[in-house]
Amino acid sequence: MQRLLALASTHVGAFACALSLASPGAAFAADPLPPTPLRVTEGIWLIPGSFEGERQPDGNTIIFEGTSGLVVMDTGRHTWHRQAIVDFAQSNKRPIAALINSHWHLDHTSGNADIKRLYPNALLYTGTAVEKMIRDVWPQSLVRSQATLDAGNLSPVAAADVRGDIETRKNPQALRPDMPVIASGAYPIDGVIFDVRLAGNAATGGDVWVYEPRSRIAAVGDLVTLPVPFLDTACVKGWRTALDEITATPFTRVIPGHGGIMDRAQFLSWRAAFNAYTDCARSPADKSLCAANWLASTATLRAPEAADDANAREMAEEYVAFLRENGGDARLCTARSFP
Ligand SMILES: [Zn+2]
């Protein structure tokens with residue numbers, strides 16, 4: 001819980017220097033190296049997000065070849081993740097021409113500001129759900145985060161994550177859409193027509209995903225994640241509807257918000273596990289049973305992670321309790337699934 005909502009990136013101030021020097025993210029010895037981009041197919045690359053130890057996660061970044069430059073979907077949380085995006089653009093001698101955010105969670109958007117500083121012409125295409133967070137939620141959540149930090153009980157790694165997430169929420173201008181996605185449709189972005197879909201009241205108040213017809217790849221943000229679904233801001237019913245809409249496209253591969261690329265059979269198996277898990281959360285079954293079933297049904301998808309990974313099980317149990325405390329949806333869901 002709070003994995004995404006309350007928290008994190010680090011060394012934002014120092015990061016601008018690292019970028020302008022184009023040095024590969026080694027300003028702090030303890031920081032991980034930037035992740036390595038993977039070629040998915042002609043004109044599409046994946047920069048994998050990580051979720052290691054006590055650190056908050058980074059979402060996956062998908063890079064599409066545009067006409068004049070690159071279209072970057074999601075920018076991660078940590079400085080080393082955004083460094084990988086900038087390094088990719090610089091080494092390919094292609095500017096970042098536009099940004100897409102699948103949703104406002106800080107593990108997908110915290111790199112926006114630094115990237116827009118380097119590429120001021122890059123317009124952001126995303127939904128408008130972030131406005132409610134900026135207006136109604138973040139003022140209080142910032143106070144809570146600062147109090148947590150001031151209490152001084154966090155490890156250096158956790159404290160750095162909290163500081164980074166404070167920085168992102170304090171300067172939310174870079175998370176606001178320049179080009180609001182208010183409906184599904186064909187959006188010309190950097191000279192390419194993207195099939196952009198808006199899923200209302202799903203993983204967040206409004207999730208944006210992209211279907212790319214030539215490659216038959218669907219980049220779906222946090223509508224699909226491993227090791228667990230991140231339900232912090234979820235409306236379960238809308239989320240299920242979004243999964244049905246993904247299924248209805250003729251995609252052959254899905255790029256999730258977290259975790260590796262799935263083929264169609266793997267996605268369908270993930271969707272069945274999600275539906276069973278959220279059904280279980282609504283039932284009187286013990287949360288440990290819901291979590292065990294989730295782990296069993298996603299074991300192959302999560303490999304090489306251990307089939308009964310302790311962290312994944314703990315999160316899966318926590319999210320069941322979280323949904324139950326809130327009538328089957330996240331507290332922030334404004335379109336209740338089970339009235
Ligand atoms: Zn995420």
# chains A, B, ... in the order shown; residues from 1 in each chain; ligands from 1

$ closest_atom_pairs --of "range 157-265 of chain A" --to "range 331-334 of chain A" --cutoff "9 Å" --atoms "only C-alpha atoms" --output "JSON lines"
{"residue": "A:Asn201", "atom": "CA", "partner": "A:Cys333", "partner_atom": "CA", "distance": 7.0}
{"residue": "A:Ala202", "atom": "CA", "partner": "A:Cys333", "partner_atom": "CA", "distance": 8.6}
{"residue": "A:Thr204", "atom": "CA", "partner": "A:Cys333", "partner_atom": "CA", "distance": 7.6}
{"residue": "A:Gly205", "atom": "CA", "partner": "A:Cys333", "partner_atom": "CA", "distance": 6.9}
{"residue": "A:Asp232", "atom": "CA", "partner": "A:Arg331", "partner_atom": "CA", "distance": 8.0}
{"residue": "A:Thr233", "atom": "CA", "partner": "A:Leu332", "partner_atom": "CA", "distance": 5.5}
{"residue": "A:Ala234", "atom": "CA", "partner": "A:Cys333", "partner_atom": "CA", "distance": 6.0}
{"residue": "A:Cys235", "atom": "CA", "partner": "A:Cys333", "partner_atom": "CA", "distance": 5.3}
{"residue": "A:Val236", "atom": "CA", "partner": "A:Cys333", "partner_atom": "CA", "distance": 8.9}

$ closest_atom_pairs --of "range 225-261 of chain A" --to "range 55-68 of chain A" --cutoff "12 Å" --atoms "only C-alpha atoms" --output "JSON lines"
{"residue": "A:Thr225", "atom": "CA", "partner": "A:Gly59", "partner_atom": "CA", "distance": 9.2}
{"residue": "A:Leu226", "atom": "CA", "partner": "A:Gly59", "partner_atom": "CA", "distance": 10.6}
{"residue": "A:Pro227", "atom": "CA", "partner": "A:Pro57", "partner_atom": "CA", "distance": 11.2}
{"residue": "A:Phe230", "atom": "CA", "partner": "A:Pro57", "partner_atom": "CA", "distance": 10.8}
{"residue": "A:Val254", "atom": "CA", "partner": "A:Ile62", "partner_atom": "CA", "distance": 11.3}
{"residue": "A:Ile255", "atom": "CA", "partner": "A:Ile62", "partner_atom": "CA", "distance": 8.1}
{"residue": "A:Pro256", "atom": "CA", "partner": "A:Asn60", "partner_atom": "CA", "distance": 7.3}
{"residue": "A:Gly257", "atom": "CA", "partner": "A:Asn60", "partner_atom": "CA", "distance": 5.3}
{"residue": "A:His258", "atom": "CA", "partner": "A:Gly59", "partner_atom": "CA", "distance": 5.4}
{"residue": "A:Gly259", "atom": "CA", "partner": "A:Asn60", "partner_atom": "CA", "distance": 7.6}
{"residue": "A:Gly260", "atom": "CA", "partner": "A:Asn60", "partner_atom": "CA", "distance": 8.9}
{"residue": "A:Ile261", "atom": "CA", "partner": "A:Asn60", "partner_atom": "CA", "distance": 10.2}

$ closest_residue --among "A:Asp107, A:Asp279, A:Asp74, A:Asp308" --to "Leu323 in chain A" --atoms "only C-alpha atoms"
A:Asp279

$ atom_distance --atom1 "CA of Arg324 in chain A" --atom2 "CA of Cys280 in chain A"
10.3 Å

$ select_by_dssp --residues "range 68-307 of chain A" --states "alpha helix (DSSP H)" --output "PyMOL selection string"
chain A and resi 79-91+106-109+112-118+130-132+138-151+156-170+236-248+264-282+287-297+299-302

$ residues_around --residues "Thr75 in chain A" --least-positions-apart "5" --cutoff "7 Å" --atoms "only C-alpha atoms" --output "list of chain:residue names"
A:Thr61, A:Arg82, A:His108, A:Thr109, A:Ser110, A:Gly111, A:Asn112

$ closest_residue --among "A:Pro139, A:Pro229, A:Gly328, A:Pro172" --to "ligand 1" --atoms "only C-alpha atoms and all ligand atoms"
A:Pro229

$ closest_residue --among "A:Arg135, A:Lys170, A:Arg271, A:Arg176" --to "Trp294 in chain A" --atoms "only C-alpha atoms"
A:Arg271

$ select_by_dssp --residues "range 20-235 of chain A" --states "strand (DSSP E or B)" --output "PyMOL selection string"
chain A and resi 38-41+44-47+61-65+70-73+96-100+123-126+179-180+185-189+192-200+206-212+217-219+225

$ residues_around --residues "Trp239 in chain A" --least-positions-apart "5" --cutoff "12 Å" --atoms "only C-alpha atoms" --output "PyMOL selection string"
chain A and resi 198-208+220-224+229-231+233-234+244-246+271+274-275+278+329-330+333+335-337

$ closest_residue --among "A:Ile44, A:Ile193, A:Ile166, A:Leu295" --to "Ala316 in chain A" --atoms "only C-alpha atoms"
A:Leu295

$ closest_residue --among "A:Ala122, A:Ala310, A:Ala218, A:Ala147" --to "Pro177 in chain A" --atoms "only C-alpha atoms"
A:Ala122

$ closest_residue --among "A:Gly185, A:Gly53, A:Pro35, A:Pro284" --to "Ala158 in chain A" --atoms "only C-alpha atoms"
A:Gly53

$ residues_around --residues "range 186-188 of chain A" --least-positions-apart "2" --cutoff "12 Å" --atoms "only C-alpha atoms" --output "list in words"
Gly66, Thr67, Val71, Ala98, Ile100, Tyr125, Thr126, Met179, Pro180, Val181, Ile182, Ala183, Ser184, Asp190, Gly191, Val192, Ile193, Phe194, Asp195, Val196, Arg197, Leu198, Trp209, Val210, Tyr211, Glu212 and Pro213 of chain A
